[in-house]
file data-v3.cif (mmCIF, C-alpha atoms)
data_start
loop_
_atom_site.label_atom_id
_atom_site.label_comp_id
_atom_site.auth_asym_id
_atom_site.auth_seq_id
_atom_site.Cartn_x
_atom_site.Cartn_y
_atom_site.Cartn_z
CA MET I 847 0.00 0.00 0.00
CA ARG I 848 2.94 2.33 0.64
CA ALA I 849 4.16 1.66 -2.88
CA CYS I 850 0.71 2.53 -4.25
CA ALA I 851 1.08 6.08 -2.92
CA SER I 852 3.08 7.09 -5.99
CA HIS I 853 0.01 6.12 -8.07
CA GLY I 854 -2.39 8.31 -6.10
CA ILE I 855 -3.65 5.82 -3.50
CA GLN I 856 -3.85 6.96 0.13
CA TYR I 857 -4.25 4.51 2.99
CA ARG I 858 -4.20 4.20 6.75
CA THR I 859 -3.85 1.02 8.80
CA GLN I 860 -6.23 0.44 11.69
CA PHE I 861 -6.53 -2.56 14.00
CA LEU I 862 -9.96 -4.14 13.98
CA ASP I 863 -10.63 -3.65 17.71
CA ARG I 864 -9.80 0.06 17.40
CA LEU I 865 -11.94 0.73 14.33
CA ARG I 866 -14.53 3.48 14.70
CA VAL I 867 -17.22 5.01 12.49
CA TYR I 868 -15.17 8.15 11.89
CA ASP I 869 -12.42 5.99 10.34
CA ILE I 870 -14.74 5.19 7.43
CA THR I 871 -15.45 8.40 5.52
CA PRO I 872 -17.58 8.49 2.35
CA GLU I 873 -14.32 8.41 0.36
CA THR I 874 -12.95 5.39 2.23
CA ILE I 875 -13.14 1.79 1.07
CA PRO I 876 -12.31 -0.52 4.00
CA LEU I 877 -9.96 -3.38 3.14
CA PHE I 878 -10.22 -6.22 5.64
CA VAL I 879 -7.05 -8.32 5.67
CA ARG I 880 -7.36 -12.01 6.62
CA CYS I 881 -10.02 -11.24 9.24
CA GLY I 882 -11.95 -14.09 10.85
CA ASP I 883 -12.45 -12.27 14.14
CA PRO I 884 -16.08 -11.79 15.31
CA LEU I 885 -15.52 -8.03 15.16
CA ALA I 886 -15.07 -8.38 11.39
CA LEU I 887 -18.59 -9.81 11.25
CA LEU I 888 -19.87 -6.80 13.20
CA TRP I 889 -18.30 -4.31 10.79
CA THR I 890 -19.05 -6.08 7.53
CA GLN I 891 -22.69 -6.48 8.51
CA ALA I 892 -22.87 -2.77 9.38
CA LEU I 893 -21.29 -1.81 6.06
CA VAL I 894 -23.69 -4.01 4.10
CA ASP I 895 -26.70 -2.54 5.96
CA ALA I 896 -25.44 0.97 5.08
CA SER I 897 -24.79 0.04 1.42
CA ARG I 898 -21.10 0.83 1.96
CA PRO I 899 -18.55 -1.07 -0.15
CA TYR I 900 -15.59 -2.94 1.30
CA ALA I 901 -12.89 -5.27 -0.02
CA TYR I 902 -11.56 -8.42 1.60
CA TYR I 903 -7.99 -9.74 1.17
CA ILE I 904 -7.19 -13.40 1.77
CA ASP I 905 -4.09 -15.41 0.83
CA ASP I 906 -4.78 -18.72 2.61
CA ASN I 907 -7.61 -21.22 2.31
CA PHE I 908 -8.78 -21.02 5.91
CA TRP I 909 -11.58 -23.52 5.22
CA ARG I 910 -9.13 -26.27 4.30
CA ILE I 911 -6.35 -25.93 6.91
CA GLU I 912 -5.41 -29.45 8.05
CA GLY I 913 -3.84 -30.78 11.21
CA HIS I 914 -4.35 -30.18 14.91
CA THR I 915 -2.55 -26.88 15.43
CA PRO I 916 -4.11 -23.92 17.31
CA LEU I 917 -4.38 -22.15 13.94
CA ALA I 918 -6.42 -25.02 12.48
CA ALA I 919 -8.64 -25.11 15.59
CA TYR I 920 -9.27 -21.37 15.32
CA TYR I 921 -10.39 -21.49 11.70
CA ARG I 922 -12.56 -24.56 12.28
CA HIS I 923 -14.58 -22.74 14.95
CA PRO I 924 -18.20 -22.13 13.79
CA LEU I 925 -18.07 -18.42 14.67
CA VAL I 926 -14.92 -17.87 12.60
CA ARG I 927 -16.44 -19.83 9.72
CA ALA I 928 -19.59 -17.68 9.89
CA THR I 929 -17.46 -14.49 9.87
CA LEU I 930 -15.41 -15.65 6.89
CA LYS I 931 -18.46 -16.70 4.90
CA PHE I 932 -20.31 -13.41 5.44
CA ALA I 933 -17.26 -11.17 4.92
CA VAL I 934 -16.21 -12.90 1.72
CA SER I 935 -19.74 -13.32 0.32
CA HIS I 936 -20.70 -9.65 0.69
CA ALA I 937 -17.45 -7.95 -0.30
CA GLN I 938 -17.52 -5.64 -3.30
CA SER I 939 -14.37 -7.49 -4.30
CA VAL I 940 -12.36 -10.35 -2.81
CA VAL I 941 -8.63 -9.96 -3.37
CA THR I 942 -6.25 -12.90 -3.54
CA ASN I 943 -2.97 -13.82 -5.22
CA SER I 944 -3.60 -17.47 -6.06
CA PRO I 945 -5.66 -18.72 -9.03
CA GLU I 946 -6.27 -21.95 -7.09
CA LEU I 947 -7.63 -20.04 -4.10
CA ALA I 948 -9.63 -17.72 -6.36
CA GLN I 949 -11.44 -20.74 -7.81
CA PHE I 950 -12.35 -21.91 -4.31
CA LEU I 951 -13.52 -18.42 -3.23
CA SER I 952 -15.79 -18.12 -6.27
CA ARG I 953 -18.27 -20.43 -4.52
CA PHE I 954 -18.94 -17.54 -2.08
CA ASN I 955 -18.51 -14.53 -4.36
CA ASP I 956 -18.02 -14.19 -8.13
CA ARG I 957 -16.23 -10.85 -7.69
CA VAL I 958 -12.73 -12.24 -7.05
CA ALA I 959 -9.63 -10.36 -8.22
CA VAL I 960 -6.28 -12.14 -8.56
CA LEU I 961 -3.54 -9.56 -8.02
CA PRO I 962 0.19 -10.27 -8.42
CA THR I 963 2.38 -11.12 -5.45
CA PHE I 964 5.37 -8.93 -4.66
CA PHE I 965 8.56 -8.43 -2.68
CA ASP I 966 9.78 -5.23 -1.04
CA PHE I 967 13.53 -5.13 -1.70
CA SER I 968 13.95 -2.08 0.54
CA LEU I 969 13.51 -4.40 3.55
CA ILE I 970 16.89 -6.03 2.89
CA GLY I 971 18.72 -3.26 1.05
CA ASP I 972 21.18 -2.65 3.90
CA VAL I 973 21.61 -6.27 5.02
CA ARG I 974 25.04 -7.88 4.85
CA PRO I 975 25.04 -11.68 5.22
CA PHE I 976 27.20 -13.16 7.97
CA ALA I 977 30.47 -14.61 6.74
CA THR I 978 30.63 -18.37 7.29
CA ASP I 979 32.41 -21.48 6.03
CA GLU I 980 29.28 -23.54 6.63
CA VAL I 981 26.83 -24.49 3.91
CA ARG I 982 23.65 -23.50 5.72
CA ILE I 983 20.28 -25.06 4.94
CA GLY I 984 17.39 -22.99 6.27
CA PHE I 985 13.67 -22.80 6.86
CA ALA I 986 11.63 -20.09 8.59
CA GLY I 987 7.93 -20.23 9.25
CA SER I 988 5.18 -20.40 11.85
CA PRO I 989 4.54 -23.41 14.12
CA SER I 990 1.59 -24.30 11.86
CA ARG I 991 4.11 -25.51 9.26
CA ILE I 992 5.30 -28.45 11.37
CA ASP I 993 3.40 -31.05 9.32
CA ASP I 994 5.03 -29.85 6.09
CA LEU I 995 8.48 -30.29 7.65
CA GLU I 996 7.85 -34.03 8.00
CA LEU I 997 9.10 -34.19 4.40
CA VAL I 998 12.62 -33.17 5.43
CA ALA I 999 12.89 -34.13 9.11
CA ARG I 1000 14.36 -37.58 8.50
CA LEU I 1001 17.02 -36.18 6.14
CA VAL I 1002 18.82 -34.08 8.75
CA ASP I 1003 21.04 -36.83 10.18
CA PRO I 1004 22.08 -38.38 6.82
CA ILE I 1005 23.00 -34.95 5.43
CA LEU I 1006 25.03 -33.96 8.49
CA GLU I 1007 26.94 -37.26 8.38
CA ARG I 1008 27.73 -36.97 4.68
CA PHE I 1009 28.57 -33.25 4.54
CA PRO I 1010 30.74 -32.00 7.44
CA LYS I 1011 30.22 -28.34 6.52
CA ALA I 1012 26.44 -28.59 6.26
CA ALA I 1013 24.29 -27.01 8.97
CA PHE I 1014 20.52 -26.79 9.41
CA GLU I 1015 18.78 -23.69 10.76
CA PHE I 1016 15.09 -23.63 11.62
CA ALA I 1017 13.29 -20.46 12.67
CA GLY I 1018 9.82 -20.47 14.22
CA VAL I 1019 9.31 -24.22 14.09
CA LEU I 1020 11.51 -27.26 14.67
CA PRO I 1021 10.64 -30.50 12.83
CA ARG I 1022 9.37 -33.33 15.00
CA GLY I 1023 12.14 -35.66 16.09
CA VAL I 1024 14.94 -33.20 15.24
CA GLU I 1025 17.17 -32.24 18.17
CA ILE I 1026 19.10 -28.98 18.53
CA ARG I 1027 22.85 -29.62 18.50
CA GLU I 1028 26.11 -28.29 17.10
CA ARG I 1029 24.99 -28.03 13.46
CA VAL I 1030 21.23 -27.91 14.03
CA ARG I 1031 19.99 -24.54 15.29
CA PHE I 1032 16.61 -23.17 16.27
CA PHE I 1033 15.52 -19.52 16.41
CA PRO I 1034 12.27 -18.22 17.95
CA HIS I 1035 9.32 -17.21 15.81
CA THR I 1036 8.74 -13.51 15.16
CA ASN I 1037 5.52 -11.83 14.02
CA ASP I 1038 7.39 -8.83 12.65
CA TYR I 1039 7.86 -9.40 8.93
CA LYS I 1040 10.70 -6.91 8.55
CA SER I 1041 12.72 -8.71 11.24
CA TYR I 1042 11.76 -12.07 9.78
CA ILE I 1043 13.00 -11.30 6.27
CA LYS I 1044 16.14 -9.54 7.52
CA PHE I 1045 16.94 -12.65 9.54
CA GLN I 1046 16.78 -14.81 6.43
CA ALA I 1047 19.03 -12.45 4.49
CA GLU I 1048 21.57 -12.18 7.31
CA ARG I 1049 21.94 -15.89 8.04
CA ASN I 1050 23.57 -16.52 4.65
CA TRP I 1051 21.60 -19.64 3.81
CA ALA I 1052 23.00 -21.47 0.79
CA ILE I 1053 19.86 -23.60 0.45
CA GLY I 1054 16.28 -22.79 1.40
CA LEU I 1055 13.66 -25.44 2.04
CA ALA I 1056 10.05 -25.03 0.89
CA PRO I 1057 8.20 -28.28 1.61
CA LEU I 1058 4.42 -28.35 1.15
CA LEU I 1059 2.23 -31.40 1.67
CA ASP I 1060 -0.13 -31.83 -1.25
CA HIS I 1061 -3.59 -30.79 -0.08
CA GLU I 1062 -6.09 -28.08 -0.99
CA ALA I 1063 -5.01 -25.55 1.63
CA ASN I 1064 -1.36 -25.68 0.53
CA ARG I 1065 -2.24 -25.47 -3.16
CA GLY I 1066 -4.03 -22.21 -2.43
CA LYS I 1067 -0.99 -20.58 -0.82
CA THR I 1068 1.12 -17.89 -2.46
CA ASP I 1069 4.67 -18.37 -3.74
CA ASN I 1070 6.15 -16.43 -0.80
CA LYS I 1071 9.07 -18.78 -0.15
CA TYR I 1072 10.21 -18.44 -3.76
CA ARG I 1073 10.06 -14.65 -3.61
CA GLU I 1074 11.93 -14.53 -0.31
CA TYR I 1075 14.62 -17.05 -1.26
CA GLY I 1076 15.14 -15.45 -4.65
CA ALA I 1077 15.39 -11.94 -3.20
CA CYS I 1078 17.92 -13.18 -0.61
CA ARG I 1079 19.94 -15.08 -3.26
CA ILE I 1080 19.16 -18.47 -1.76
CA ALA I 1081 18.91 -21.59 -3.92
CA GLY I 1082 15.53 -23.07 -3.00
CA ILE I 1083 14.13 -26.59 -3.08
CA TYR I 1084 10.35 -26.60 -3.54
CA SER I 1085 7.57 -29.19 -3.48
CA ASP I 1086 6.40 -29.67 -7.06
CA ILE I 1087 2.84 -28.44 -6.49
CA PRO I 1088 1.12 -25.08 -6.83
CA PRO I 1089 2.06 -22.42 -5.88
CA TYR I 1090 5.67 -23.27 -6.82
CA SER I 1091 5.22 -25.51 -9.85
CA SER I 1092 3.82 -22.60 -11.86
CA VAL I 1093 6.63 -20.12 -11.13
CA VAL I 1094 9.85 -22.06 -10.46
CA LYS I 1095 11.82 -23.15 -13.50
CA HIS I 1096 13.34 -26.48 -12.53
CA SER I 1097 17.14 -26.48 -12.19
CA VAL I 1098 17.22 -22.83 -13.31
CA THR I 1099 15.53 -20.72 -10.62
CA GLY I 1100 15.02 -23.55 -8.12
CA ILE I 1101 14.68 -27.29 -7.68
CA LEU I 1102 11.20 -28.83 -7.90
CA VAL I 1103 10.86 -32.20 -6.16
CA GLU I 1104 8.22 -34.83 -5.57
CA ASN I 1105 6.97 -35.16 -2.02
CA ASN I 1106 8.97 -38.17 -0.92
CA SER I 1107 12.16 -38.55 1.10
CA ALA I 1108 14.20 -39.94 -1.79
CA SER I 1109 13.51 -36.92 -4.02
CA TRP I 1110 14.23 -34.42 -1.26
CA LEU I 1111 17.46 -36.22 -0.35
CA GLU I 1112 18.60 -36.31 -3.95
CA ALA I 1113 17.97 -32.57 -4.38
CA LEU I 1114 19.83 -31.70 -1.17
CA VAL I 1115 22.82 -33.88 -2.06
CA ASP I 1116 22.96 -32.38 -5.55
CA LEU I 1117 23.00 -28.78 -4.29
CA LEU I 1118 25.42 -29.52 -1.47
CA SER I 1119 27.80 -31.26 -3.86
CA ARG I 1120 27.71 -28.54 -6.52
CA GLN I 1121 28.49 -25.02 -5.45
CA ASP I 1122 28.32 -23.87 -9.06
CA LEU I 1123 24.72 -25.04 -9.35
CA ARG I 1124 23.74 -23.38 -6.05
CA LEU I 1125 25.21 -20.06 -7.12
CA ALA I 1126 23.69 -20.23 -10.60
CA ILE I 1127 20.21 -20.97 -9.22
CA ALA I 1128 20.52 -18.24 -6.58
CA ASP I 1129 21.56 -15.69 -9.19
CA ALA I 1130 18.83 -16.67 -11.68
CA ALA I 1131 16.16 -16.63 -8.97
CA PHE I 1132 17.26 -13.19 -7.79
CA LYS I 1133 17.04 -11.76 -11.31
CA HIS I 1134 13.63 -13.33 -11.88
CA VAL I 1135 12.18 -12.14 -8.56
CA LYS I 1136 13.58 -8.65 -9.11
CA ALA I 1137 12.05 -8.44 -12.59
CA ARG I 1138 8.67 -10.00 -11.80
CA TYR I 1139 7.92 -9.24 -8.15
CA ASP I 1140 9.56 -5.94 -7.20
CA VAL I 1141 6.83 -4.04 -5.33
CA THR I 1142 7.71 -0.79 -7.10
CA HIS I 1143 6.51 -2.41 -10.35
CA VAL I 1144 3.68 -4.54 -9.01
CA SER I 1145 2.12 -1.62 -7.12
CA TYR I 1146 0.80 -0.22 -10.41
CA ASP I 1147 -1.55 -3.22 -10.84
CA TRP I 1148 -2.73 -2.91 -7.24
CA ALA I 1149 -3.33 0.83 -7.57
CA GLU I 1150 -5.35 0.35 -10.74
CA PHE I 1151 -7.49 -2.22 -8.96
CA PHE I 1152 -8.30 0.20 -6.13
CA LYS I 1153 -9.11 2.97 -8.59
CA ARG I 1154 -11.59 0.68 -10.37
CA LEU I 1155 -13.07 -0.30 -7.03
CA ALA I 1156 -13.59 3.36 -6.12
CA SER I 1157 -15.23 4.15 -9.45
CA ASP I 1158 -17.77 1.32 -8.95
CA ARG I 1159 -19.03 2.55 -5.59
CA ALA I 1160 -22.80 2.76 -5.17
CA GLN I 1161 -24.29 6.21 -4.73
CA ASN I 1162 -26.95 5.24 -2.17
CA ALA I 1163 -24.64 4.86 0.83
CA LYS I 1164 -26.12 5.56 4.26
CA PRO I 1165 -24.32 6.76 7.41
CA LEU I 1166 -23.02 4.20 9.86
CA ASN I 1167 -24.70 4.20 13.27
CA GLN I 1168 -22.06 4.43 16.02
CA SER I 1169 -24.50 3.82 18.90
CA SER I 1170 -25.84 0.68 17.25
CA LEU I 1171 -22.30 -0.56 16.62
CA ASP I 1172 -21.29 0.14 20.21
CA ALA I 1173 -24.23 -1.91 21.51
CA LYS I 1174 -23.38 -4.87 19.30
CA ARG I 1175 -19.64 -4.55 19.94
CA PHE I 1176 -20.08 -5.70 23.55
CA TRP I 1177 -21.58 -8.99 22.46
CA ARG I 1178 -19.02 -9.52 19.73
CA ARG I 1179 -16.24 -9.01 22.28
CA LEU I 1180 -17.84 -11.64 24.51
CA GLU I 1181 -18.01 -13.99 21.54
CA ARG I 1182 -14.35 -13.30 20.84
CA ILE I 1183 -13.42 -14.20 24.43
CA ARG I 1184 -15.42 -17.43 24.20
CA LEU I 1185 -13.70 -18.24 20.92
CA LEU I 1186 -10.22 -17.70 22.35
CA ILE I 1187 -11.04 -19.79 25.42
CA ALA I 1188 -12.34 -22.63 23.24
CA VAL I 1189 -9.25 -22.64 21.03
CA THR I 1190 -6.89 -22.37 24.02
CA TYR I 1191 -8.69 -25.24 25.76
CA GLU I 1192 -8.33 -27.43 22.69
CA GLU I 1193 -4.63 -26.55 22.55
CA GLY I 1194 -3.70 -27.18 26.18
CA GLY I 1195 -6.71 -27.81 28.42
CA VAL I 1196 -7.79 -25.94 31.55
CA SER I 1197 -4.24 -25.25 32.76
CA LEU I 1198 -3.35 -23.34 29.59
CA VAL I 1199 -6.60 -21.36 29.75
CA VAL I 1200 -5.81 -20.35 33.34
CA ARG I 1201 -2.18 -19.42 32.58
CA ARG I 1202 -3.06 -17.26 29.59
CA SER I 1203 -5.96 -15.61 31.44
CA LEU I 1204 -3.70 -14.70 34.34
CA ARG I 1205 -1.06 -13.38 31.95
CA LYS I 1206 -3.70 -11.25 30.22
CA LEU I 1207 -4.94 -9.87 33.54
CA MET I 1208 -1.40 -9.02 34.61
CA ASN I 1209 -0.79 -7.16 31.32
CA ILE I 1210 -4.03 -5.20 31.80
CA ARG I 1211 -3.01 -4.35 35.38
CA ARG I 1212 0.41 -3.10 34.25
CA SER I 1213 -1.12 -0.93 31.52
CA VAL I 1214 -3.55 0.60 34.04
CA ILE I 1215 -0.79 1.27 36.58
#
call {"tool": "encode", "arguments": {"input": "data-v3.cif", "output": "structure tokens"}}
result
Amino acid sequence: MRACASHGIQYRTQFLDRLRVYDITPETIPLFVRCGDPLALLWTQALVDASRPYAYYIDDNFWRIEGHTPLAAYYRHPLVRATLKFAVSHAQSVVTNSPELAQFLSRFNDRVAVLPTFFDFSLIGDVRPFATDEVRIGFAGSPSRIDDLELVARLVDPILERFPKAAFEFAGVLPRGVEIRERVRFFPHTNDYKSYIKFQAERNWAIGLAPLLDHEANRGKTDNKYREYGACRIAGIYSDIPPYSSVVKHSVTGILVENNSASWLEALVDLLSRQDLRLAIADAAFKHVKARYDVTHVSYDWAEFFKRLASDRAQNAKPLNQSSLDAKRFWRRLERIRLLIAVTYEEGGVSLVVRRSLRKLMNIRRSVI
């Protein structure tokens, strides 16, 4: 959105629980980003009742998330599902980056726009990778990616035994059964994207891992690992499914592999054995990502989309009622608390609910004091 400013688009970010009627002027088109929170249902219903347009951005298939992670439990909750269905169904336009996900979303709304993905090179413009003699193999992601890492977990020991200079680094999630030791490192997860991408650039990874189990939720993801690895000059190994099979040129800008241990092992051995191939892939991927995904170029397409959205606004918009919203907000906040308790209970039982509740109360007390 910052990059769209040069094309005449103005924006302001607001957290959902701080949103107020005065934030939404007649010239404003709200853009809800990945919102499944009950408060999103409150606001989208109010906007529909007032004939006010809004857009909804989504880059994951939240209906098809598999596994037993807290994230999966959250998006399986009936209240979150109801919020997603209403918000997506009534949006003036649903924005996504994946043709696969767009096809799924069309069952709720036929006004789906597929906009190009991007990378902001300014985030790593001043980064200097750490000097190292190791050949580092890296992966960074959220704890929800633990099932995908099953594809590479059993390869850690054979690779370390065969290649004395190889080292594995995992950030945010450690594969099941993999222990931290001299050449296996773990770094905590961060929610700050700028820090996250700087970390990847600084660690000087020679090889980046991008495993994806083949199911509908993963096929609807964006090609973010390819953009990040390419921008950081990292030779990536990718599961040969969308979103990577449509953008990675095999053995040129990355390595595409079948989802079995033998294929992943062969790809790792090949890249570890051939520095020339690693460097050639890293260089080609960087050039491709720079040419195709640089946000300074892609922002034009996004800006044009928002201009079209503004020109299609209905002329019969009504004012939003703050008092009515305030009355309903109380109940939505209660629903949000119930939702968080339910998800926390599923994650860790009563003890986890009590610990997190106490921590929340202590934080509130500190902020008051």
call {"tool": "closest_residue", "arguments": {"input": "data-v3.cif", "among": "I:Leu961, I:Ala851, I:Leu1171, I:Ile1005", "to": "Leu865 (chain I)", "atoms": "all atoms listed in the file"}}
result
I:Leu1171
call {"tool": "atom_distance", "arguments": {"input": "data-v3.cif", "atom1": "CA of Glu1074 (chain I)", "atom2": "CA of Phe1045 (chain I)"}}
result
11.2 Å
call {"tool": "closest_residue", "arguments": {"input": "data-v3.cif", "among": "I:Leu1058, I:Leu1166, I:Val1103, I:Ala1017", "to": "Asp895 (chain I)", "atoms": "all atoms listed in the file"}}
result
I:Leu1166
call {"tool": "resolve_selection", "arguments": {"input": "data-v3.cif", "expression": "the PyMOL selection byres ((chain I and resi 897-909) around 7)", "output": "number ranges by chain"}}
result
I: 875-880, 893-896, 910-911, 921, 934, 937-943, 947, 1063, 1066-1068, 1159, 1162-1164
call {"tool": "resolve_selection", "arguments": {"input": "data-v3.cif", "expression": "the PyMOL selection byres ((chain I and resi 925-933) around 8)", "output": "list of chain:residue names"}}
result
I:Cys881, I:Gly882, I:Asp883, I:Pro884, I:Ala886, I:Leu887, I:Thr890, I:Gln891, I:Tyr902, I:Trp909, I:Tyr920, I:Tyr921, I:Arg922, I:His923, I:Pro924, I:Val934, I:Ser935, I:His936, I:Ala937, I:Phe954, I:Leu1185
call {"tool": "closest_residue", "arguments": {"input": "data-v3.cif", "among": "I:His1061, I:Lys1174, I:Arg1049, I:Arg957", "to": "Thr978 (chain I)", "atoms": "only C-alpha atoms"}}
result
I:Arg1049
